[in-house]
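Enquirer: Enclosed is the structure file my_file-v7.cif (mmCIF, C-alpha atoms).
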```
data_protein
loop_
_atom_site.label_atom_id
_atom_site.label_comp_id
_atom_site.auth_asym_id
_atom_site.auth_seq_id
_atom_site.Cartn_x
_atom_site.Cartn_y
_atom_site.Cartn_z
CA MET S 271 8.25 77.43 141.07
CA ALA S 272 10.84 76.33 138.53
CA GLU S 273 13.78 78.66 138.04
CA HIS S 274 14.33 79.65 134.43
CA PRO S 275 17.69 80.45 132.85
CA ALA S 276 18.55 83.97 131.80
CA TYR S 277 17.86 84.89 128.20
CA PRO S 278 21.06 86.09 126.49
CA VAL S 279 20.86 89.15 124.26
CA GLY S 280 23.18 91.80 122.84
CA LEU S 281 22.21 95.39 123.65
CA ARG S 282 22.81 98.07 121.01
CA LEU S 283 23.39 101.13 123.18
CA THR S 284 24.86 103.61 120.71
CA GLY S 285 23.46 107.04 121.53
CA ARG S 286 21.06 105.59 124.10
CA ARG S 287 20.92 106.72 127.74
CA VAL S 288 22.65 104.46 130.27
CA VAL S 289 22.56 105.43 133.92
CA VAL S 290 25.32 104.30 136.27
CA LEU S 291 24.76 104.78 139.98
CA GLY S 292 27.99 104.73 141.97
CA GLY S 293 31.50 105.70 140.89
CA GLY S 294 33.53 103.01 142.65
CA GLN S 295 35.44 99.94 141.51
CA VAL S 296 32.42 98.24 139.90
CA ALA S 297 31.73 101.28 137.74
CA GLN S 298 35.42 101.56 136.92
CA ARG S 299 35.40 98.02 135.54
CA ARG S 300 32.11 98.32 133.64
CA LEU S 301 32.33 101.82 132.19
CA PRO S 302 34.98 101.18 129.48
CA ALA S 303 32.73 98.65 127.71
CA LEU S 304 29.74 101.00 127.91
CA ILE S 305 31.87 103.80 126.48
CA ALA S 306 33.09 101.51 123.69
CA ALA S 307 29.44 100.66 122.92
CA GLY S 308 28.77 104.34 122.24
CA ALA S 309 26.27 104.73 125.09
CA ASP S 310 25.17 108.13 126.35
CA ILE S 311 26.34 107.57 129.92
CA ARG S 312 25.06 109.49 132.91
CA LEU S 313 26.98 108.78 136.11
CA VAL S 314 25.26 109.68 139.38
CA SER S 315 27.54 109.53 142.41
CA PRO S 316 28.90 111.93 145.04
CA THR S 317 32.42 110.56 144.53
CA ALA S 318 34.35 108.54 141.98
CA THR S 319 37.65 106.72 141.66
CA PRO S 320 40.46 108.66 139.91
CA SER S 321 40.02 106.49 136.80
CA VAL S 322 36.28 107.18 136.62
CA GLU S 323 36.88 110.87 137.22
CA ALA S 324 39.36 110.86 134.32
CA MET S 325 36.64 109.41 132.06
CA ALA S 326 34.35 112.26 133.04
CA ASP S 327 37.10 114.85 132.52
CA ALA S 328 37.71 113.42 129.05
CA GLY S 329 34.04 113.90 128.17
CA GLU S 330 33.35 110.17 127.85
CA LEU S 331 30.45 110.42 130.28
CA THR S 332 28.41 113.00 132.17
CA TRP S 333 28.96 112.98 135.93
CA GLU S 334 26.39 114.38 138.35
CA ARG S 335 28.12 114.65 141.72
CA ARG S 336 25.25 113.73 144.04
CA PRO S 337 23.43 110.68 145.47
CA TYR S 338 20.68 108.84 143.60
CA GLU S 339 17.31 110.61 143.38
CA GLU S 340 13.93 109.31 142.33
CA GLY S 341 13.50 109.92 138.59
CA ASP S 342 17.15 109.37 137.61
CA LEU S 343 16.22 106.27 135.60
CA ALA S 344 13.18 107.67 133.82
CA GLN S 345 14.86 108.14 130.43
CA ALA S 346 17.29 105.23 130.65
CA TRP S 347 17.49 102.18 128.43
CA TYR S 348 19.84 100.34 130.77
CA ALA S 349 21.04 100.88 134.33
CA LEU S 350 23.99 99.75 136.38
CA ILE S 351 23.33 100.10 140.09
CA ALA S 352 26.54 99.89 142.09
CA THR S 353 26.44 102.21 145.08
CA SER S 354 27.43 101.29 148.63
CA ASP S 355 23.98 102.29 149.89
CA THR S 356 21.76 99.18 149.91
CA GLU S 357 18.60 101.18 150.57
CA ALA S 358 19.31 103.49 147.60
CA ASN S 359 20.05 100.48 145.43
CA THR S 360 16.71 98.95 146.36
CA ARG S 361 14.84 102.14 145.55
CA ALA S 362 16.69 102.51 142.24
CA SER S 363 15.99 98.94 141.17
CA GLY S 364 12.33 99.51 142.05
CA GLU S 365 12.30 102.56 139.79
CA ALA S 366 13.97 100.54 137.02
CA GLU S 367 11.24 97.91 137.33
CA ALA S 368 8.52 100.58 137.18
CA HIS S 369 10.00 102.18 134.06
CA ARG S 370 10.84 98.81 132.45
CA VAL S 371 14.56 99.59 132.39
CA TRP S 372 16.86 96.57 132.31
CA CYS S 373 18.89 96.84 135.47
CA VAL S 374 22.08 95.22 136.79
CA ARG S 375 22.64 95.34 140.52
CA SER S 376 26.12 94.71 141.90
CA ASP S 377 25.05 94.03 145.48
CA ASP S 378 22.12 91.69 144.83
CA ALA S 379 21.95 89.75 141.57
CA ASP S 380 18.66 88.10 142.57
CA ALA S 381 16.99 91.53 142.76
CA ALA S 382 18.20 92.57 139.32
CA THR S 383 16.44 92.17 135.97
CA ALA S 384 19.71 91.66 134.09
CA TRP S 385 23.13 90.12 134.72
CA THR S 386 26.46 91.22 133.33
CA PRO S 387 28.18 88.30 131.60
CA ALA S 388 31.90 87.63 131.71
CA THR S 389 32.99 89.03 128.35
CA GLY S 390 36.07 88.94 126.16
CA HIS S 391 36.94 89.92 122.60
CA SER S 392 38.96 88.45 119.76
CA GLU S 393 39.08 89.83 116.20
CA GLY S 394 35.51 91.02 115.88
CA VAL S 395 34.00 88.31 118.08
CA THR S 396 32.57 89.01 121.53
CA VAL S 397 32.41 86.08 123.92
CA ALA S 398 29.86 86.42 126.74
CA VAL S 399 29.45 83.72 129.40
CA LEU S 400 26.44 83.55 131.75
CA THR S 401 25.55 81.00 134.38
CA THR S 402 22.13 79.43 133.92
CA ASN S 403 20.59 80.75 137.14
CA ALA S 404 21.25 83.13 139.99
CA ARG S 405 21.61 80.42 142.62
CA GLY S 406 24.57 78.83 140.86
CA ARG S 407 26.35 82.06 139.91
CA ASP S 408 30.10 81.83 140.34
CA PRO S 409 31.95 84.77 138.74
CA ARG S 410 35.27 82.93 138.87
CA HIS S 411 33.85 79.96 137.00
CA THR S 412 32.28 82.06 134.25
CA ALA S 413 35.45 84.15 133.95
CA ALA S 414 37.56 80.99 133.59
CA ILE S 415 35.30 79.69 130.80
CA ARG S 416 35.44 83.09 129.10
CA ASP S 417 39.23 83.18 129.30
CA ALA S 418 39.57 79.67 127.87
CA VAL S 419 37.33 80.45 124.91
CA VAL S 420 38.96 83.81 124.15
CA GLU S 421 42.44 82.35 124.42
CA GLY S 422 41.46 79.56 122.04
CA LEU S 423 40.16 82.09 119.52
CA ARG S 424 43.24 84.25 119.85
CA ASP S 425 45.83 81.52 119.42
CA GLY S 426 43.83 79.71 116.74
CA THR S 427 43.21 76.48 118.65
CA LEU S 428 39.45 77.03 118.83
CA VAL S 429 38.71 77.74 115.17
CA ALA S 430 36.55 75.17 113.37
CA PRO S 431 38.53 73.70 110.42
CA HIS S 432 36.01 74.77 107.79
CA HIS S 433 35.94 78.26 109.28
CA ARG S 434 39.70 78.68 109.45
CA THR S 435 40.50 82.32 108.83
CA ARG S 436 43.37 83.31 106.59
CA THR S 437 45.08 86.64 106.23
CA PRO S 438 46.18 87.12 102.62
CA GLY S 439 49.67 88.39 101.98
CA VAL S 440 52.51 88.60 104.45
CA ALA S 441 52.60 89.41 108.15
CA LEU S 442 55.87 90.66 109.62
CA VAL S 443 55.50 89.38 113.16
CA GLY S 444 57.74 90.43 116.02
CA GLY S 445 58.11 87.32 118.13
CA GLY S 446 59.57 89.00 121.19
CA PRO S 447 62.84 88.27 122.99
CA GLY S 448 62.64 84.46 123.03
CA ASP S 449 60.13 83.27 125.62
CA PRO S 450 57.19 81.98 123.54
CA ASP S 451 54.73 83.49 126.03
CA LEU S 452 55.99 86.97 125.15
CA ILE S 453 54.73 87.03 121.57
CA THR S 454 51.70 89.28 121.13
CA VAL S 455 48.19 87.84 120.99
CA ARG S 456 47.84 88.99 117.39
CA GLY S 457 51.17 87.48 116.41
CA ARG S 458 50.22 84.12 117.86
CA ARG S 459 46.87 84.16 116.06
CA LEU S 460 48.49 84.94 112.72
CA LEU S 461 50.91 82.06 113.27
CA ALA S 462 47.94 79.74 113.77
CA GLU S 463 46.48 80.91 110.45
CA ALA S 464 49.70 80.66 108.43
CA ASP S 465 50.42 78.40 105.45
CA VAL S 466 54.11 79.34 105.42
CA VAL S 467 56.36 80.58 108.24
CA ILE S 468 59.79 82.03 107.49
CA ALA S 469 61.52 82.10 110.86
CA ASP S 470 64.66 83.69 112.27
CA ARG S 471 66.96 81.90 114.66
CA LEU S 472 66.21 84.47 117.36
CA GLY S 473 62.45 84.14 117.10
CA PRO S 474 60.42 82.13 119.65
CA ARG S 475 61.39 78.72 118.26
CA ASP S 476 59.16 76.75 120.63
CA LEU S 477 56.10 78.09 118.83
CA LEU S 478 57.09 76.33 115.62
CA ALA S 479 56.43 72.96 117.25
CA GLU S 480 52.78 73.96 117.71
CA LEU S 481 52.18 74.54 114.01
CA PRO S 482 49.97 72.03 112.12
CA PRO S 483 51.79 69.51 109.87
CA HIS S 484 50.69 71.23 106.66
CA VAL S 485 52.49 74.49 107.52
CA GLU S 486 55.76 74.92 105.64
CA VAL S 487 58.53 76.27 107.88
CA ILE S 488 61.49 77.93 106.18
CA ASP S 489 64.66 78.53 108.19
CA ALA S 490 65.95 82.05 107.67
CA ALA S 491 68.52 81.76 110.45
CA LYS S 492 71.33 84.27 110.36
CA ILE S 493 73.90 82.61 112.61
CA PRO S 494 76.86 84.99 113.14
CA TYR S 495 79.88 83.98 111.04
CA GLY S 496 78.05 80.84 109.90
CA ARG S 497 75.42 79.80 107.41
CA PHE S 498 72.87 82.46 106.56
CA MET S 499 70.03 83.17 104.19
CA ALA S 500 70.71 86.33 102.22
CA GLN S 501 68.18 89.10 102.73
CA GLU S 502 67.35 89.11 99.04
CA ALA S 503 66.52 85.41 99.22
CA ILE S 504 64.25 86.04 102.19
CA ASN S 505 62.47 88.82 100.31
CA ASN S 506 62.03 86.60 97.27
CA ALA S 507 60.66 83.75 99.38
CA LEU S 508 58.09 86.05 100.98
CA ILE S 509 56.97 87.35 97.59
CA GLU S 510 56.90 83.94 95.91
CA HIS S 511 54.73 82.27 98.55
CA ALA S 512 52.41 85.26 98.88
CA LYS S 513 51.84 85.32 95.11
CA GLN S 514 50.73 81.69 95.37
CA GLY S 515 47.83 82.90 97.51
CA LYS S 516 49.33 81.61 100.75
CA SER S 517 49.16 83.23 104.15
CA VAL S 518 52.79 83.95 105.03
CA VAL S 519 54.25 84.88 108.41
CA ARG S 520 57.75 86.28 108.68
CA LEU S 521 58.56 85.42 112.29
CA LYS S 522 61.30 87.65 113.63
CA GLY S 523 62.92 88.04 117.03
CA GLY S 524 62.09 91.11 119.06
CA ASP S 525 60.38 93.83 117.02
CA PRO S 526 60.52 93.77 113.21
CA PHE S 527 61.77 97.36 113.01
CA VAL S 528 64.36 97.32 115.82
CA PHE S 529 67.52 96.20 113.99
CA GLY S 530 65.35 93.55 112.36
CA ARG S 531 65.52 94.67 108.71
CA GLY S 532 61.75 94.56 108.71
CA MET S 533 61.40 97.72 106.65
CA GLU S 534 63.59 96.22 103.91
CA GLU S 535 61.14 93.34 103.69
CA ALA S 536 58.12 95.65 103.81
CA GLN S 537 59.59 97.75 100.99
CA ALA S 538 60.26 94.67 98.85
CA LEU S 539 56.69 93.48 99.40
CA ALA S 540 55.28 96.90 98.54
CA GLU S 541 57.26 96.99 95.29
CA ALA S 542 55.85 93.56 94.43
CA GLY S 543 52.30 94.68 95.22
CA ILE S 544 51.98 92.28 98.15
CA ALA S 545 49.80 93.24 101.13
CA CYS S 546 51.87 93.47 104.29
CA THR S 547 50.77 93.56 107.92
CA VAL S 548 53.25 94.64 110.58
CA VAL S 549 52.77 93.18 114.04
CA PRO S 550 55.04 94.92 116.58
CA GLY S 551 56.93 92.76 119.04
CA ILE S 552 58.48 93.20 122.47
CA SER S 553 62.01 94.43 121.87
CA SER S 554 64.85 92.69 123.66
CA SER S 555 66.38 96.11 124.34
CA ILE S 556 63.84 96.63 127.12
CA SER S 557 62.50 93.19 127.96
CA VAL S 558 65.78 91.35 128.42
CA PRO S 559 67.22 93.86 130.93
CA GLY S 560 63.88 93.78 132.71
CA ALA S 561 63.92 89.98 132.87
CA ALA S 562 67.38 90.21 134.43
CA GLY S 563 66.19 92.66 137.07
CA ILE S 564 67.55 95.80 135.39
CA PRO S 565 65.28 98.80 134.72
CA VAL S 566 66.50 100.80 131.73
CA THR S 567 65.24 103.94 133.50
CA HIS S 568 64.91 104.61 137.20
CA ARG S 569 63.92 107.69 139.17
CA GLY S 570 66.98 109.64 140.25
CA VAL S 571 69.32 107.39 138.26
CA ALA S 572 68.50 107.52 134.55
CA HIS S 573 66.01 109.73 132.73
CA GLU S 574 66.76 108.37 129.27
CA PHE S 575 68.02 105.26 127.56
CA THR S 576 69.64 104.86 124.16
CA VAL S 577 69.61 101.69 122.09
CA VAL S 578 72.41 101.14 119.58
CA SER S 579 73.64 98.35 117.37
CA GLY S 580 77.10 97.06 118.19
CA HIS S 581 77.54 94.82 115.15
CA VAL S 582 79.93 97.39 113.63
CA ALA S 583 82.95 98.50 115.66
CA PRO S 584 83.23 102.19 116.62
CA ASP S 585 86.29 102.71 114.40
CA ASP S 586 84.68 101.05 111.38
CA GLU S 587 83.88 103.54 108.62
CA ARG S 588 80.47 101.89 108.20
CA SER S 589 79.41 102.82 111.73
CA LEU S 590 76.55 105.33 111.95
CA VAL S 591 76.76 105.67 115.74
CA ASP S 592 78.13 108.82 117.34
CA TRP S 593 80.05 107.07 120.10
CA PRO S 594 81.74 110.22 121.47
CA ALA S 595 78.29 111.76 121.98
CA LEU S 596 77.03 108.61 123.69
CA ALA S 597 79.96 108.74 126.11
CA LYS S 598 78.72 112.10 127.36
CA LEU S 599 75.15 110.98 128.08
CA ARG S 600 74.20 110.33 131.70
CA GLY S 601 71.46 107.79 130.97
CA THR S 602 71.44 104.11 130.10
CA LEU S 603 73.11 102.70 127.00
CA VAL S 604 71.72 99.41 125.65
CA VAL S 605 73.87 97.66 123.05
CA LEU S 606 72.46 94.91 120.85
CA MET S 607 74.58 92.56 118.73
CA GLY S 608 77.75 93.81 120.39
CA VAL S 609 79.28 90.86 122.24
CA ASP S 610 82.34 90.49 120.00
CA LYS S 611 82.83 94.28 119.76
CA ILE S 612 82.35 95.10 123.44
CA GLY S 613 86.10 95.63 124.01
CA ALA S 614 86.33 98.26 121.29
CA ILE S 615 83.05 99.82 122.43
CA ALA S 616 84.25 100.06 126.03
CA ARG S 617 87.61 101.59 125.03
CA THR S 618 85.88 104.17 122.85
CA LEU S 619 83.43 105.17 125.57
CA ILE S 620 86.20 105.47 128.17
CA GLY S 621 88.39 107.37 125.72
CA ASN S 622 85.62 109.90 125.25
CA GLY S 623 85.02 110.54 128.92
CA LYS S 624 82.80 107.74 130.20
CA PRO S 625 84.04 106.67 133.67
CA ALA S 626 85.91 103.36 133.55
CA ASP S 627 84.00 102.11 136.60
CA THR S 628 80.61 102.51 134.88
CA PRO S 629 78.60 99.32 135.61
CA VAL S 630 77.95 96.92 132.74
CA ALA S 631 75.70 93.84 132.56
CA LEU S 632 75.66 91.26 129.78
CA VAL S 633 72.43 89.25 129.64
CA GLN S 634 72.72 86.17 127.44
CA GLU S 635 69.68 84.30 126.04
CA GLY S 636 67.37 86.67 127.88
CA THR S 637 63.85 85.49 128.87
CA THR S 638 64.67 81.86 127.99
CA ALA S 639 65.54 78.94 130.24
CA ALA S 640 69.21 79.50 129.35
CA GLN S 641 69.27 83.12 130.52
CA ARG S 642 72.33 84.21 132.46
CA ARG S 643 73.68 87.55 133.59
CA VAL S 644 77.33 88.56 133.80
CA ASP S 645 78.29 91.83 135.51
CA ALA S 646 81.40 93.92 134.97
CA THR S 647 82.53 97.53 134.47
CA LEU S 648 83.55 99.30 131.29
CA GLU S 649 87.17 98.73 132.27
CA THR S 650 86.75 94.98 132.84
CA VAL S 651 83.94 94.01 130.50
CA ALA S 652 86.07 92.78 127.58
CA GLU S 653 88.09 90.39 129.72
CA THR S 654 85.03 89.34 131.75
CA ALA S 655 83.07 88.51 128.60
CA ARG S 656 85.97 86.36 127.36
CA ALA S 657 86.52 84.67 130.70
CA GLN S 658 82.81 83.94 131.14
CA ASP S 659 82.46 82.84 127.50
CA VAL S 660 79.53 85.16 126.85
CA LYS S 661 78.04 84.40 123.45
CA PRO S 662 75.35 86.02 121.34
CA PRO S 663 72.53 86.64 121.57
CA ALA S 664 73.19 88.92 124.51
CA VAL S 665 71.95 92.36 125.47
CA ILE S 666 74.55 94.67 127.01
CA VAL S 667 73.41 97.32 129.49
CA ILE S 668 75.80 100.15 130.39
CA GLY S 669 74.99 102.59 133.17
CA ASP S 670 74.16 103.02 136.84
CA VAL S 671 70.81 101.22 136.44
CA VAL S 672 72.79 97.97 136.42
CA ASN S 673 73.25 98.39 140.17
CA VAL S 674 69.60 99.24 140.88
CA GLY S 675 67.79 95.96 140.33
CA PRO S 676 67.29 93.22 142.93
CA GLU S 677 69.62 90.85 141.07
CA SER S 678 72.53 93.29 140.98
CA SER S 679 75.88 91.95 142.13
CA ALA S 680 76.90 95.42 143.36
#
```
Can you dump the structure from the file as structure tokens?

Expert:
Amino acid sequence: MAEHPAYPVGLRLTGRRVVVLGGGQVAQRRLPALIAAGADIRLVSPTATPSVEAMADAGELTWERRPYEEGDLAQAWYALIATSDTEANTRASGEAEAHRVWCVRSDDADAATAWTPATGHSEGVTVAVLTTNARGRDPRHTAAIRDAVVEGLRDGTLVAPHHRTRTPGVALVGGGPGDPDLITVRGRRLLAEADVVIADRLGPRDLLAELPPHVEVIDAAKIPYGRFMAQEAINNALIEHAKQGKSVVRLKGGDPFVFGRGMEEAQALAEAGIACTVVPGISSSISVPGAAGIPVTHRGVAHEFTVVSGHVAPDDERSLVDWPALAKLRGTLVVLMGVDKIGAIARTLIGNGKPADTPVALVQEGTTAAQRRVDATLETVAETARAQDVKPPAVIVIGDVVNVGPESSA
């Protein structure tokens, strides 16, 4: 007899009874989607993984702590059978068949009346991939196809030209610390939809090469002590292009609101009546130390970390940082934009009680191919930075966590 392919369909389970038999790893993977679908979930299992138990404790499902019993599926619309008891699974699937309940069986797909597809989501679209028959089922193959399609939707490479989506207004996108793979999925998708990109020097520059030829790229680089684009000019450019009906992305390094002047741009857009979307980014204050093998917190070493800007020297009247207070903290101090002021910063910290032998690491061009790490102490960091020709951008980490990571020179 010829084998027929499965018929794909989307189940609307909101408020409808779904019975899950077994509280192990299979249930742990499948339950979040059933919860998101609004199903009335009844879990029947003597035990459950900690994650499944947490779902029950949170009231996301009802858990009956016992084995499967005849009649458990009588009121169900859909059933997931995933116990370790093959005989119980067989009896449960028989009951599902008798009550005409669509049933997925984790231990025997051939004995089930439904299969769970490999699914993924991207901006309101659900991608579900099924193999055509049970004999040729290969979960890894379907998952790979799913991943390729979802990734294409997320980064914009799989959008039909006449269906190209556009987000009106301006998106302030945090591009992350430099590695183009560390931009968020949403940020990458908005880049793919953009008509105009106004990019910082510290943003993920490699992504600009992927933009279609029609996209206008405006350089908003703020090179220290060199050419720069005034903030007012950047604001005006954002407003001007948005008012022309274009989709504009302001691509910034790190996170837009961590020393990124993102709020100044958001305020200017609000005053001009321009819609603004903020897409958070991975801040270099955490990611760059991590990439260099330094945890900003560590059990028994540091219970807090403080991030400060070092672009203004401690003795400058414009400084808003309470350096004497920072010197008394026991946790980690992360300094951004402080390479040329590190000598003054170190002297101030030592002068206010910070031990001179406190470890310091300078991580230049973090997360990129040019990344390098230079270690010192507060007492030696100024001379070490000069001798090693450390240049911005660099993240400076001060504290005992410097000597914790696997790449420590201690």

Enquirer: Could you tell me, as a PyMOL selection string, exactly which residues end up selected when the PyMOL selection byres ((chain S and resi 325) around 12) is applied to this structure?

Expert: chain S and resi 293+297-299+301-302+304-305+311-313+318-324+326-333

Enquirer: Those same residues - C-alpha atoms - I'd like them written as a CSV table (one decimal), in the frame of the given file.

Expert:
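So result-v1.csv came out as:
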```
chain,number,residue,atom,x,y,z
S,293,GLY,CA,31.5,105.7,140.9
S,297,ALA,CA,31.7,101.3,137.7
S,298,GLN,CA,35.4,101.6,136.9
S,299,ARG,CA,35.4,98.0,135.5
S,301,LEU,CA,32.3,101.8,132.2
S,302,PRO,CA,35.0,101.2,129.5
S,304,LEU,CA,29.7,101.0,127.9
S,305,ILE,CA,31.9,103.8,126.5
S,311,ILE,CA,26.3,107.6,129.9
S,312,ARG,CA,25.1,109.5,132.9
S,313,LEU,CA,27.0,108.8,136.1
S,318,ALA,CA,34.4,108.5,142.0
S,319,THR,CA,37.6,106.7,141.7
S,320,PRO,CA,40.5,108.7,139.9
S,321,SER,CA,40.0,106.5,136.8
S,322,VAL,CA,36.3,107.2,136.6
S,323,GLU,CA,36.9,110.9,137.2
S,324,ALA,CA,39.4,110.9,134.3
S,326,ALA,CA,34.4,112.3,133.0
S,327,ASP,CA,37.1,114.8,132.5
S,328,ALA,CA,37.7,113.4,129.0
S,329,GLY,CA,34.0,113.9,128.2
S,330,GLU,CA,33.4,110.2,127.8
S,331,LEU,CA,30.4,110.4,130.3
S,332,THR,CA,28.4,113.0,132.2
S,333,TRP,CA,29.0,113.0,135.9
```

Enquirer: Quick one, how far is atom CA of Ala462 of chain S from atom CA of Val440 of chain S?

Expert: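 That distance, rounded to one decimal, is 13.6 Å.
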
Enquirer: Could you work out how far atom CA of Val674 of chain S lies from atom CA of Ser579 of chain S, giving the answer in Å with one decimal?

Expert: 23.9 Å

Enquirer: Find the spatial neighbours of Asp378 of chain S, counting only C-alpha atoms, within a cut-off of 12 Å - ignore same-chain residues fewer than 6 positions away - and output them as a list in words.

Expert: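 That gives Leu350, Ile351, Ala352, Thr353, Ser354, Asp355, Thr356, Glu357, Asn359, Thr360, Ser363, Ala384, Trp385, Ala404, Arg405 and Arg407 of chain S.
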
Enquirer: Give me the residues within 9 Å of Asp417 of chain S as a list in words, counting all atoms listed in the file and dropping any in the same chain fewer than 5 places off.

Expert: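 Final neighbour list, sorted by chain and number: Ala388, Thr389, Gly390, Thr412 and Gly422 of chain S.
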
Enquirer: With the PyMOL selection byres ((chain S and resi 537-546) around 12) as the selection, what would be picked from this file? Answer as number ranges by chain, please.

Expert: S: 437-443, 501-520, 531-536, 547-549

Enquirer: Store the residues picked out above in a file with C-alpha atoms, as a compact mmCIF listing (two decimals), in the coordinates of the input.

Expert:
```txt
# COMPACT_ATOMS: atom_id res chain seq x y z
CA THR S 437 45.08 86.64 106.23
CA PRO S 438 46.18 87.12 102.62
CA GLY S 439 49.67 88.39 101.98
CA VAL S 440 52.51 88.60 104.45
CA ALA S 441 52.60 89.41 108.15
CA LEU S 442 55.87 90.66 109.62
CA VAL S 443 55.50 89.38 113.16
CA GLN S 501 68.18 89.10 102.73
CA GLU S 502 67.35 89.11 99.04
CA ALA S 503 66.52 85.41 99.22
CA ILE S 504 64.25 86.04 102.19
CA ASN S 505 62.47 88.82 100.31
CA ASN S 506 62.03 86.60 97.27
CA ALA S 507 60.66 83.75 99.38
CA LEU S 508 58.09 86.05 100.98
CA ILE S 509 56.97 87.35 97.59
CA GLU S 510 56.90 83.94 95.91
CA HIS S 511 54.73 82.27 98.55
CA ALA S 512 52.41 85.26 98.88
CA LYS S 513 51.84 85.32 95.11
CA GLN S 514 50.73 81.69 95.37
CA GLY S 515 47.83 82.90 97.51
CA LYS S 516 49.33 81.61 100.75
CA SER S 517 49.16 83.23 104.15
CA VAL S 518 52.79 83.95 105.03
CA VAL S 519 54.25 84.88 108.41
CA ARG S 520 57.75 86.28 108.68
CA ARG S 531 65.52 94.67 108.71
CA GLY S 532 61.75 94.56 108.71
CA MET S 533 61.40 97.72 106.65
CA GLU S 534 63.59 96.22 103.91
CA GLU S 535 61.14 93.34 103.69
CA ALA S 536 58.12 95.65 103.81
CA THR S 547 50.77 93.56 107.92
CA VAL S 548 53.25 94.64 110.58
CA VAL S 549 52.77 93.18 114.04
```

Enquirer: Just the number, please: distance in Å from atom CA of Glu365 of chain S to atom CA of Asp342 of chain S, one decimal.

Expert: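 Atom-to-atom, atom CA of Glu365 of chain S to atom CA of Asp342 of chain S, that is 8.6 Å.
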
Enquirer: With the PyMOL selection byres ((chain S and resi 605) around 6) as the selection, what would be picked from this file? Answer as a ChimeraX atom specification, please.

Expert: /S:577-580,604,606,666

Enquirer: Since fewer atoms than expected are present, regenerate N, CA, C and O atoms for segment 341-352 of chain S and write them as a tab-separated table (two decimals), keeping the file's coordinate frame.

Expert:
```tsv
chain	number	residue	atom	x	y	z
S	341	GLY	N	13.64	109.33	139.91
S	341	GLY	CA	13.50	109.92	138.59
S	341	GLY	C	14.76	109.85	137.75
S	341	GLY	O	14.73	110.14	136.55
S	342	ASP	N	15.89	109.43	138.36
S	342	ASP	CA	17.15	109.37	137.61
S	342	ASP	C	17.10	108.35	136.46
S	342	ASP	O	17.84	108.49	135.49
S	343	LEU	N	16.24	107.34	136.60
S	343	LEU	CA	16.22	106.27	135.60
S	343	LEU	C	15.10	106.43	134.57
S	343	LEU	O	14.93	105.58	133.69
S	344	ALA	N	14.38	107.54	134.65
S	344	ALA	CA	13.18	107.67	133.82
S	344	ALA	C	13.46	107.58	132.33
S	344	ALA	O	12.67	107.03	131.57
S	345	GLN	N	14.57	108.12	131.87
S	345	GLN	CA	14.86	108.14	130.43
S	345	GLN	C	15.91	107.10	130.03
S	345	GLN	O	16.42	107.14	128.91
S	346	ALA	N	16.21	106.19	130.93
S	346	ALA	CA	17.29	105.23	130.65
S	346	ALA	C	16.81	104.01	129.87
S	346	ALA	O	15.65	103.61	129.95
S	347	TRP	N	17.72	103.46	129.10
S	347	TRP	CA	17.49	102.18	128.43
S	347	TRP	C	18.09	101.03	129.25
S	347	TRP	O	17.64	99.89	129.16
S	348	TYR	N	19.11	101.36	130.02
S	348	TYR	CA	19.84	100.34	130.77
S	348	TYR	C	20.44	101.03	131.99
S	348	TYR	O	20.82	102.21	131.93
S	349	ALA	N	20.51	100.29	133.10
S	349	ALA	CA	21.04	100.88	134.33
S	349	ALA	C	21.99	99.92	135.02
S	349	ALA	O	21.76	98.71	135.05
S	350	LEU	N	23.06	100.49	135.54
S	350	LEU	CA	23.99	99.75	136.38
S	350	LEU	C	23.95	100.38	137.76
S	350	LEU	O	24.31	101.54	137.95
S	351	ILE	N	23.47	99.61	138.73
S	351	ILE	CA	23.33	100.10	140.09
S	351	ILE	C	24.45	99.52	140.93
S	351	ILE	O	24.53	98.31	141.14
S	352	ALA	N	25.35	100.40	141.40
S	352	ALA	CA	26.54	99.89	142.09
S	352	ALA	C	26.99	100.86	143.18
S	352	ALA	O	28.18	101.16	143.31
```
